[in-house]
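Undergrad: Following this message is one structure expressed as structure tokens.
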Amino acid sequence: MQRTLKAGFFGMDQIEVVCDGGKIISSKVVGSLELLNKFKTWQKNPLNPPSGKTSEDLILKELSLKIQDQWPLMNDEPELCHCRKIPQVNVERAIVLGAHTVEQVRARTSANTGCGTCLPDVERVLKAYLG
């Protein structure tokens, strides 16, 4: 069964693939030369997510896990931090761009700077990207 999957962020590095099981049928990569080069290597074995922490590695990891139906961040509720009205995508973008701790996510997004009830959600997103 063919599926279209996306990873990355609009206006930044992003990848869209059409896959059938673990095989990539077609792809569209928008972004840096580094992302394009890493994608070319990764697409030979898309079920093997990269282990690095660069933005390119994190985007490819997301796509690998989506291909395998193992991406843990499928969320029906787009807002992660309700008191600051911060969407989950903002937290994800901050992590991909280098915010690798709760404190760094707070500084870049203001998520988890109010009541604190979203801390487990911020930690869950960090764990999904960084392992």
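Chain labels follow the order of the structure tokens: the first chain is A, the next B, and so on; residue numbering restarts at 1 in every chain, and ligands are counted from 1 in their shown order.
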Write out as a ChimeraX atom specification the residues lying within 7 Å of segment 9-26 of chain A, counting only C-alpha atoms and excluding same-chain residues fewer than 6 positions away.
TA: /A:1-3,32,46-47,67
Undergrad: Give me a file of those residues, with N, CA and C atoms, as a CSV table (one decimal), in the first residue's frame.
TA:
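This is the output file part16.csv:
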chain,number,residue,atom,x,y,z
A,1,MET,N,0.8,-1.2,0.0
A,1,MET,CA,0.0,0.0,0.0
A,1,MET,C,0.9,1.2,0.0
A,2,GLN,N,0.7,2.1,-1.0
A,2,GLN,CA,1.5,3.3,-1.1
A,2,GLN,C,1.0,4.4,-0.1
A,3,ARG,N,1.9,5.1,0.5
A,3,ARG,CA,1.6,6.2,1.5
A,3,ARG,C,2.5,7.3,1.2
A,32,SER,N,18.7,22.2,2.6
A,32,SER,CA,20.1,22.4,2.4
A,32,SER,C,20.8,21.3,1.6
A,46,PRO,N,16.0,3.1,4.2
A,46,PRO,CA,15.2,4.0,4.9
A,46,PRO,C,14.7,3.5,6.3
A,47,LEU,N,14.8,2.2,6.5
A,47,LEU,CA,14.3,1.7,7.8
A,47,LEU,C,15.3,1.8,8.9
A,67,ILE,N,7.7,5.7,8.4
A,67,ILE,CA,7.6,4.6,7.4
A,67,ILE,C,7.3,3.3,8.2
Undergrad: Excluding same-chain residues fewer than 5 positions from Glu92 of chain A, what lies within 12 Å of it counting only C-alpha atoms, as a JSON list (two decimals) with all heavy atoms, in the first residue's frame?
TA:
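Once everything was written out, this is selection_7.json:
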[["chain", "number", "residue", "atom", "x", "y", "z"],
["A", 7, "ALA", "N", 8.26, 14.90, 6.54],
["A", 7, "ALA", "CA", 9.02, 15.24, 7.74],
["A", 7, "ALA", "C", 9.71, 16.57, 7.48],
["A", 7, "ALA", "O", 10.02, 16.91, 6.34],
["A", 7, "ALA", "CB", 10.04, 14.16, 8.08],
["A", 8, "GLY", "N", 9.96, 17.30, 8.54],
["A", 8, "GLY", "CA", 10.57, 18.61, 8.41],
["A", 8, "GLY", "C", 9.52, 19.68, 8.60],
["A", 8, "GLY", "O", 8.43, 19.42, 9.09],
["A", 9, "PHE", "N", 9.86, 20.90, 8.19],
["A", 9, "PHE", "CA", 9.00, 22.03, 8.47],
["A", 9, "PHE", "C", 8.87, 22.92, 7.25],
["A", 9, "PHE", "O", 9.85, 23.19, 6.56],
["A", 9, "PHE", "CB", 9.56, 22.83, 9.65],
["A", 9, "PHE", "CG", 9.71, 21.99, 10.87],
["A", 9, "PHE", "CD1", 10.93, 21.46, 11.21],
["A", 9, "PHE", "CD2", 8.60, 21.67, 11.64],
["A", 9, "PHE", "CE1", 11.06, 20.66, 12.33],
["A", 9, "PHE", "CE2", 8.72, 20.87, 12.76],
["A", 9, "PHE", "CZ", 9.95, 20.36, 13.10],
["A", 55, "SER", "N", 20.10, 18.63, 12.55],
["A", 55, "SER", "CA", 18.72, 18.80, 12.09],
["A", 55, "SER", "C", 18.41, 17.81, 10.97],
["A", 55, "SER", "O", 17.31, 17.25, 10.92],
["A", 55, "SER", "CB", 18.47, 20.24, 11.64],
["A", 55, "SER", "OG", 19.28, 20.58, 10.54],
["A", 58, "LEU", "N", 17.76, 14.37, 12.50],
["A", 58, "LEU", "CA", 16.50, 14.30, 13.23],
["A", 58, "LEU", "C", 15.31, 14.22, 12.28],
["A", 58, "LEU", "O", 14.34, 13.50, 12.53],
["A", 58, "LEU", "CB", 16.37, 15.48, 14.19],
["A", 58, "LEU", "CG", 17.41, 15.53, 15.31],
["A", 58, "LEU", "CD1", 17.22, 16.78, 16.16],
["A", 58, "LEU", "CD2", 17.38, 14.28, 16.16],
["A", 59, "ILE", "N", 15.38, 14.93, 11.16],
["A", 59, "ILE", "CA", 14.31, 14.86, 10.16],
["A", 59, "ILE", "C", 14.27, 13.47, 9.53],
["A", 59, "ILE", "O", 13.20, 12.88, 9.35],
["A", 59, "ILE", "CB", 14.50, 15.96, 9.10],
["A", 59, "ILE", "CG1", 14.21, 17.33, 9.72],
["A", 59, "ILE", "CG2", 13.60, 15.72, 7.88],
["A", 59, "ILE", "CD1", 14.60, 18.51, 8.84],
["A", 62, "GLU", "N", 12.78, 10.97, 11.98],
["A", 62, "GLU", "CA", 11.32, 11.09, 12.00],
["A", 62, "GLU", "C", 10.71, 10.34, 10.82],
["A", 62, "GLU", "O", 9.76, 9.57, 10.97],
["A", 62, "GLU", "CB", 10.92, 12.56, 11.95],
["A", 62, "GLU", "CG", 9.43, 12.78, 11.86],
["A", 62, "GLU", "CD", 9.05, 14.25, 11.72],
["A", 62, "GLU", "OE1", 9.89, 15.14, 11.98],
["A", 62, "GLU", "OE2", 7.89, 14.50, 11.34],
["A", 73, "LEU", "N", 4.83, 10.74, 17.95],
["A", 73, "LEU", "CA", 4.28, 12.07, 18.15],
["A", 73, "LEU", "C", 3.02, 12.34, 17.35],
["A", 73, "LEU", "O", 2.70, 13.49, 17.08],
["A", 73, "LEU", "CB", 5.33, 13.14, 17.83],
["A", 73, "LEU", "CG", 6.52, 13.14, 18.76],
["A", 73, "LEU", "CD1", 7.50, 14.23, 18.37],
["A", 73, "LEU", "CD2", 6.10, 13.30, 20.21],
["A", 78, "PRO", "N", -3.09, 19.91, 18.53],
["A", 78, "PRO", "CA", -1.90, 20.59, 18.04],
["A", 78, "PRO", "C", -1.19, 21.45, 19.10],
["A", 78, "PRO", "O", 0.00, 21.70, 18.99],
["A", 78, "PRO", "CB", -2.41, 21.46, 16.89],
["A", 78, "PRO", "CG", -3.85, 21.64, 17.16],
["A", 78, "PRO", "CD", -4.30, 20.42, 17.91],
["A", 79, "GLU", "N", -1.91, 21.89, 20.13],
["A", 79, "GLU", "CA", -1.32, 22.77, 21.13],
["A", 79, "GLU", "C", -0.70, 21.94, 22.25],
["A", 79, "GLU", "O", -1.37, 21.17, 22.91],
["A", 79, "GLU", "CB", -2.41, 23.68, 21.71],
["A", 79, "GLU", "CG", -1.88, 24.90, 22.41],
["A", 79, "GLU", "CD", -3.00, 25.86, 22.73],
["A", 79, "GLU", "OE1", -3.66, 25.64, 23.76],
["A", 79, "GLU", "OE2", -3.22, 26.79, 21.95],
["A", 80, "LEU", "N", 0.60, 22.12, 22.47],
["A", 80, "LEU", "CA", 1.30, 21.37, 23.50],
["A", 80, "LEU", "C", 1.24, 22.09, 24.85],
["A", 80, "LEU", "O", 0.98, 21.49, 25.87],
["A", 80, "LEU", "CB", 2.76, 21.16, 23.08],
["A", 80, "LEU", "CG", 3.60, 20.33, 24.03],
["A", 80, "LEU", "CD1", 4.39, 19.31, 23.26],
["A", 80, "LEU", "CD2", 4.51, 21.20, 24.84],
["A", 86, "ILE", "N", 1.35, 27.37, 22.90],
["A", 86, "ILE", "CA", 2.47, 26.97, 22.04],
["A", 86, "ILE", "C", 2.11, 25.67, 21.33],
["A", 86, "ILE", "O", 1.88, 24.65, 21.98],
["A", 86, "ILE", "CB", 3.76, 26.77, 22.87],
["A", 86, "ILE", "CG1", 4.07, 28.00, 23.73],
["A", 86, "ILE", "CG2", 4.93, 26.41, 21.95],
["A", 86, "ILE", "CD1", 4.30, 29.27, 22.98],
["A", 87, "PRO", "N", 2.08, 25.66, 20.01],
["A", 87, "PRO", "CA", 1.80, 24.43, 19.28],
["A", 87, "PRO", "C", 2.96, 23.44, 19.39],
["A", 87, "PRO", "O", 4.12, 23.84, 19.53],
["A", 87, "PRO", "CB", 1.63, 24.87, 17.83],
["A", 87, "PRO", "CG", 1.69, 26.34, 17.81],
["A", 87, "PRO", "CD", 2.21, 26.81, 19.13],
["A", 97, "LEU", "N", 16.22, 22.35, 15.53],
["A", 97, "LEU", "CA", 17.19, 23.44, 15.34],
["A", 97, "LEU", "C", 18.20, 23.56, 16.49],
["A", 97, "LEU", "O", 18.95, 24.51, 16.54],
["A", 97, "LEU", "CB", 16.44, 24.76, 15.15],
["A", 97, "LEU", "CG", 15.64, 24.85, 13.85],
["A", 97, "LEU", "CD1", 14.83, 26.13, 13.80],
["A", 97, "LEU", "CD2", 16.55, 24.72, 12.64],
["A", 98, "GLY", "N", 18.19, 22.59, 17.42],
["A", 98, "GLY", "CA", 19.27, 22.56, 18.40],
["A", 98, "GLY", "C", 18.89, 22.67, 19.86],
["A", 98, "GLY", "O", 19.75, 22.63, 20.72],
["A", 99, "ALA", "N", 17.63, 22.85, 20.19],
["A", 99, "ALA", "CA", 17.21, 22.91, 21.60],
["A", 99, "ALA", "C", 17.06, 21.46, 22.10],
["A", 99, "ALA", "O", 16.05, 20.82, 21.88],
["A", 99, "ALA", "CB", 15.89, 23.66, 21.75],
["A", 100, "HIS", "N", 18.08, 20.95, 22.75],
["A", 100, "HIS", "CA", 18.12, 19.54, 23.12],
["A", 100, "HIS", "C", 17.88, 19.27, 24.60],
["A", 100, "HIS", "O", 18.07, 18.15, 25.06],
["A", 100, "HIS", "CB", 19.44, 18.92, 22.67],
["A", 100, "HIS", "CG", 19.57, 18.88, 21.18],
["A", 100, "HIS", "ND1", 20.76, 18.59, 20.54],
["A", 100, "HIS", "CD2", 18.67, 19.10, 20.17],
["A", 100, "HIS", "CE1", 20.59, 18.62, 19.24],
["A", 100, "HIS", "NE2", 19.33, 18.94, 18.99],
["A", 102, "VAL", "N", 15.13, 20.50, 28.12],
["A", 102, "VAL", "CA", 13.89, 21.20, 28.49],
["A", 102, "VAL", "C", 14.16, 22.70, 28.63],
["A", 102, "VAL", "O", 13.39, 23.53, 28.15],
["A", 102, "VAL", "CB", 13.30, 20.62, 29.79],
["A", 102, "VAL", "CG1", 12.15, 21.48, 30.29],
["A", 102, "VAL", "CG2", 12.84, 19.19, 29.59],
["A", 105, "VAL", "N", 14.41, 24.30, 25.24],
["A", 105, "VAL", "CA", 13.08, 24.40, 24.62],
["A", 105, "VAL", "C", 12.31, 25.56, 25.24],
["A", 105, "VAL", "O", 11.67, 26.34, 24.54],
["A", 105, "VAL", "CB", 12.31, 23.07, 24.76],
["A", 105, "VAL", "CG1", 10.84, 23.24, 24.35],
["A", 105, "VAL", "CG2", 12.96, 21.98, 23.92],
["A", 108, "ARG", "N", 13.62, 28.89, 23.85],
["A", 108, "ARG", "CA", 13.31, 29.16, 22.44],
["A", 108, "ARG", "C", 11.82, 29.29, 22.15],
["A", 108, "ARG", "O", 11.45, 29.91, 21.16],
["A", 108, "ARG", "CB", 13.89, 28.06, 21.56],
["A", 108, "ARG", "CG", 15.39, 28.13, 21.49],
["A", 108, "ARG", "CD", 15.92, 27.34, 20.35],
["A", 108, "ARG", "NE", 17.37, 27.30, 20.40],
["A", 108, "ARG", "CZ", 18.12, 26.76, 19.49],
["A", 108, "ARG", "NH1", 17.57, 26.20, 18.43],
["A", 108, "ARG", "NH2", 19.42, 26.77, 19.61],
["A", 109, "THR", "N", 10.97, 28.66, 22.99],
["A", 109, "THR", "CA", 9.54, 28.62, 22.64],
["A", 109, "THR", "C", 8.63, 29.23, 23.70],
["A", 109, "THR", "O", 7.48, 29.51, 23.40],
["A", 109, "THR", "CB", 9.08, 27.17, 22.43],
["A", 109, "THR", "OG1", 9.13, 26.48, 23.67],
["A", 109, "THR", "CG2", 9.92, 26.46, 21.38],
["A", 111, "ALA", "N", 7.38, 27.46, 25.91],
["A", 111, "ALA", "CA", 6.58, 26.33, 26.37],
["A", 111, "ALA", "C", 7.11, 25.89, 27.74],
["A", 111, "ALA", "O", 8.30, 25.93, 28.00],
["A", 111, "ALA", "CB", 6.67, 25.16, 25.39],
["A", 121, "ASP", "N", 4.91, 16.45, 28.32],
["A", 121, "ASP", "CA", 4.77, 16.52, 26.87],
["A", 121, "ASP", "C", 6.04, 17.04, 26.21],
["A", 121, "ASP", "O", 6.46, 16.53, 25.16],
["A", 121, "ASP", "CB", 3.57, 17.38, 26.48],
["A", 121, "ASP", "CG", 2.25, 16.78, 26.94],
["A", 121, "ASP", "OD1", 2.12, 15.55, 26.85],
["A", 121, "ASP", "OD2", 1.38, 17.53, 27.38],
["A", 122, "VAL", "N", 6.66, 18.04, 26.80],
["A", 122, "VAL", "CA", 7.93, 18.55, 26.27],
["A", 122, "VAL", "C", 8.97, 17.44, 26.33],
["A", 122, "VAL", "O", 9.71, 17.20, 25.36],
["A", 122, "VAL", "CB", 8.40, 19.80, 27.06],
["A", 122, "VAL", "CG1", 9.81, 20.20, 26.65],
["A", 122, "VAL", "CG2", 7.44, 20.97, 26.83],
["A", 123, "GLU", "N", 9.03, 16.72, 27.44],
["A", 123, "GLU", "CA", 9.98, 15.62, 27.58],
["A", 123, "GLU", "C", 9.71, 14.51, 26.57],
["A", 123, "GLU", "O", 10.63, 13.91, 26.02],
["A", 123, "GLU", "CB", 9.95, 15.07, 29.01],
["A", 123, "GLU", "CG", 10.49, 16.05, 30.01],
["A", 123, "GLU", "CD", 10.30, 15.64, 31.46],
["A", 123, "GLU", "OE1", 9.35, 14.87, 31.75],
["A", 123, "GLU", "OE2", 11.10, 16.08, 32.30],
["A", 124, "ARG", "N", 8.44, 14.23, 26.30],
["A", 124, "ARG", "CA", 8.06, 13.20, 25.32],
["A", 124, "ARG", "C", 8.54, 13.58, 23.92],
["A", 124, "ARG", "O", 9.07, 12.75, 23.18],
["A", 124, "ARG", "CB", 6.54, 13.02, 25.35],
["A", 124, "ARG", "CG", 5.99, 12.04, 24.34],
["A", 124, "ARG", "CD", 4.46, 11.91, 24.44],
["A", 124, "ARG", "NE", 3.75, 13.17, 24.40],
["A", 124, "ARG", "CZ", 3.41, 13.82, 23.28],
["A", 124, "ARG", "NH1", 3.69, 13.32, 22.11],
["A", 124, "ARG", "NH2", 2.75, 14.96, 23.34],
["A", 125, "VAL", "N", 8.40, 14.85, 23.55],
["A", 125, "VAL", "CA", 8.85, 15.29, 22.24],
["A", 125, "VAL", "C", 10.38, 15.23, 22.16],
["A", 125, "VAL", "O", 10.94, 14.77, 21.16],
["A", 125, "VAL", "CB", 8.32, 16.72, 21.91],
["A", 125, "VAL", "CG1", 8.85, 17.21, 20.58],
["A", 125, "VAL", "CG2", 6.79, 16.73, 21.92],
["A", 126, "LEU", "N", 11.05, 15.67, 23.21],
["A", 126, "LEU", "CA", 12.51, 15.55, 23.26],
["A", 126, "LEU", "C", 12.96, 14.10, 23.08],
["A", 126, "LEU", "O", 13.87, 13.80, 22.30],
["A", 126, "LEU", "CB", 13.07, 16.12, 24.57],
["A", 126, "LEU", "CG", 13.21, 17.62, 24.65],
["A", 126, "LEU", "CD1", 13.36, 18.08, 26.10],
["A", 126, "LEU", "CD2", 14.39, 18.08, 23.82],
["A", 127, "LYS", "N", 12.31, 13.20, 23.79],
["A", 127, "LYS", "CA", 12.68, 11.78, 23.71],
["A", 127, "LYS", "C", 12.43, 11.22, 22.32],
["A", 127, "LYS", "O", 13.22, 10.42, 21.81],
["A", 127, "LYS", "CB", 11.91, 10.98, 24.75],
["A", 127, "LYS", "CG", 12.31, 9.52, 24.78],
["A", 127, "LYS", "CD", 11.58, 8.76, 25.84],
["A", 127, "LYS", "CE", 12.03, 7.29, 25.79],
["A", 127, "LYS", "NZ", 11.26, 6.46, 26.70],
["A", 128, "ALA", "N", 11.33, 11.63, 21.69],
["A", 128, "ALA", "CA", 11.02, 11.12, 20.34],
["A", 128, "ALA", "C", 12.13, 11.49, 19.35],
["A", 128, "ALA", "O", 12.53, 10.67, 18.54],
["A", 128, "ALA", "CB", 9.68, 11.68, 19.87],
["A", 129, "TYR", "N", 12.64, 12.72, 19.44],
["A", 129, "TYR", "CA", 13.66, 13.15, 18.51],
["A", 129, "TYR", "C", 15.06, 12.70, 18.91],
["A", 129, "TYR", "O", 15.87, 12.37, 18.07],
["A", 129, "TYR", "CB", 13.64, 14.68, 18.35],
["A", 129, "TYR", "CG", 12.61, 15.14, 17.38],
["A", 129, "TYR", "CD1", 11.38, 15.60, 17.79],
["A", 129, "TYR", "CD2", 12.87, 15.13, 16.00],
["A", 129, "TYR", "CE1", 10.41, 16.03, 16.88],
["A", 129, "TYR", "CE2", 11.91, 15.56, 15.08],
["A", 129, "TYR", "CZ", 10.70, 16.00, 15.55],
["A", 129, "TYR", "OH", 9.75, 16.41, 14.63],
["A", 130, "LEU", "N", 15.36, 12.75, 20.20],
["A", 130, "LEU", "CA", 16.74, 12.54, 20.64],
["A", 130, "LEU", "C", 16.99, 11.17, 21.23],
["A", 130, "LEU", "O", 18.14, 10.81, 21.50],
["A", 130, "LEU", "CB", 17.11, 13.62, 21.67],
["A", 130, "LEU", "CG", 16.94, 15.06, 21.17],
["A", 130, "LEU", "CD1", 17.23, 16.03, 22.28],
["A", 130, "LEU", "CD2", 17.82, 15.32, 19.96]]
Undergrad: Nearest residue to Arg84 of chain A out of A:Gly31, A:Gly114, A:Pro72, A:Gly131, using only C-alpha atoms?
TA: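 Answer, going by the shortest atom-to-atom distance: A:Gly114.
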Undergrad: DSSP on the backbone: what in segment 3-100 of chain A comes out alpha helix (DSSP H), as a ChimeraX atom specification?
TA: /A:33-42,55-67,88-96
